[in-house]
Amino acid sequence: MRPGGHWRTDGRYNGSGVRTIPDEDLIGCIGKMIVASRGTAGPGEVLVRVRGGSEAFIAWSAEPLPRGASVLVIESRGHRAVDVSPWTDPLAEFDEGDAH
């Protein structure tokens, strides 16, 4: 153990030399953009259902994503920031009322 903290083997360092701990629970979760992203020009904000509730995270994406877009969390950056990708539910075309 270091003075004032714990050793972590899964941490990363950001550009300022601060260690960040990714939140692996988020990867694979579906979320909804609550603030549009500007792609690589700037992040948005995503609301993700995780750990029995909903939590907001800074959302980085490769392409601009509008408010309300469904996204898949593909990476955790730590410090409540994630990478997201557009998501279309493959089962959305099947209506609950459609019984064949």
# chains A, B, ... in the order shown; residues from 1 in each chain; ligands from 1
>>> residues_around(residues="region 76-87 of chain A", least_positions_apart="4", cutoff="7 Å", atoms="only C-alpha atoms", output="compact mmCIF listing (two decimals) with N, CA and C atoms, in the first residue's frame")
# COMPACT_ATOMS: atom_id res chain seq x y z
N THR A 20 -6.24 6.78 -13.24
CA THR A 20 -7.69 6.60 -13.34
C THR A 20 -8.00 5.12 -13.29
N ILE A 21 -9.11 4.77 -12.69
CA ILE A 21 -9.52 3.38 -12.57
C ILE A 21 -10.74 3.17 -13.46
N PRO A 22 -10.62 2.34 -14.50
CA PRO A 22 -11.79 2.09 -15.35
C PRO A 22 -12.88 1.34 -14.59
N ASP A 23 -14.10 1.58 -14.95
CA ASP A 23 -15.25 0.93 -14.33
C ASP A 23 -15.75 -0.14 -15.29
N GLU A 24 -15.26 -1.36 -15.13
CA GLU A 24 -15.56 -2.45 -16.06
C GLU A 24 -17.04 -2.84 -16.06
N LEU A 26 -19.48 -1.04 -16.59
CA LEU A 26 -20.20 -0.25 -17.59
C LEU A 26 -20.09 -0.83 -19.00
N ILE A 27 -19.01 -1.52 -19.29
CA ILE A 27 -18.78 -2.01 -20.65
C ILE A 27 -19.87 -3.01 -21.03
N PHE A 57 -22.77 9.79 -17.21
CA PHE A 57 -21.33 9.75 -17.48
C PHE A 57 -21.00 10.67 -18.64
N ILE A 58 -19.80 11.22 -18.64
CA ILE A 58 -19.29 11.94 -19.80
C ILE A 58 -19.12 10.90 -20.90
N ALA A 59 -19.59 11.20 -22.11
CA ALA A 59 -19.61 10.22 -23.20
C ALA A 59 -18.81 10.72 -24.41
N TRP A 60 -17.75 10.01 -24.73
CA TRP A 60 -16.93 10.31 -25.91
C TRP A 60 -17.34 9.35 -27.02
N SER A 61 -17.37 9.85 -28.25
CA SER A 61 -17.74 9.02 -29.39
C SER A 61 -16.90 9.40 -30.61
N SER A 70 -29.63 6.02 -28.76
CA SER A 70 -29.25 4.84 -27.97
C SER A 70 -27.80 4.52 -28.28
N VAL A 71 -27.04 4.21 -27.23
CA VAL A 71 -25.62 3.93 -27.41
C VAL A 71 -25.21 2.71 -26.58
N LEU A 72 -24.09 2.13 -26.98
CA LEU A 72 -23.48 1.01 -26.28
C LEU A 72 -22.18 1.50 -25.68
>>> residues_around(residues="Arg49 (chain A)", least_positions_apart="3", cutoff="9 Å", atoms="only C-alpha atoms", output="PyMOL selection string")
chain A and resi 26+29-31+52-56
>>> select_by_dssp(residues="region 30-79 of chain A", states="strand (DSSP E or B)", output="VMD selection string")
chain A and resid 30 to 35 37 to 38 44 to 50 53 to 60 64 to 65 70 to 78
>>> atom_distance(atom1="CA of Ala36 (chain A)", atom2="CA of Ala69 (chain A)")
8.4 Å
>>> atom_distance(atom1="CA of Pro43 (chain A)", atom2="CA of Pro90 (chain A)")
25.9 Å
>>> closest_residue(among="A:Gly68, A:Ala62, A:Val50, A:Asp89", to="Val35 (chain A)", atoms="only C-alpha atoms")
A:Gly68
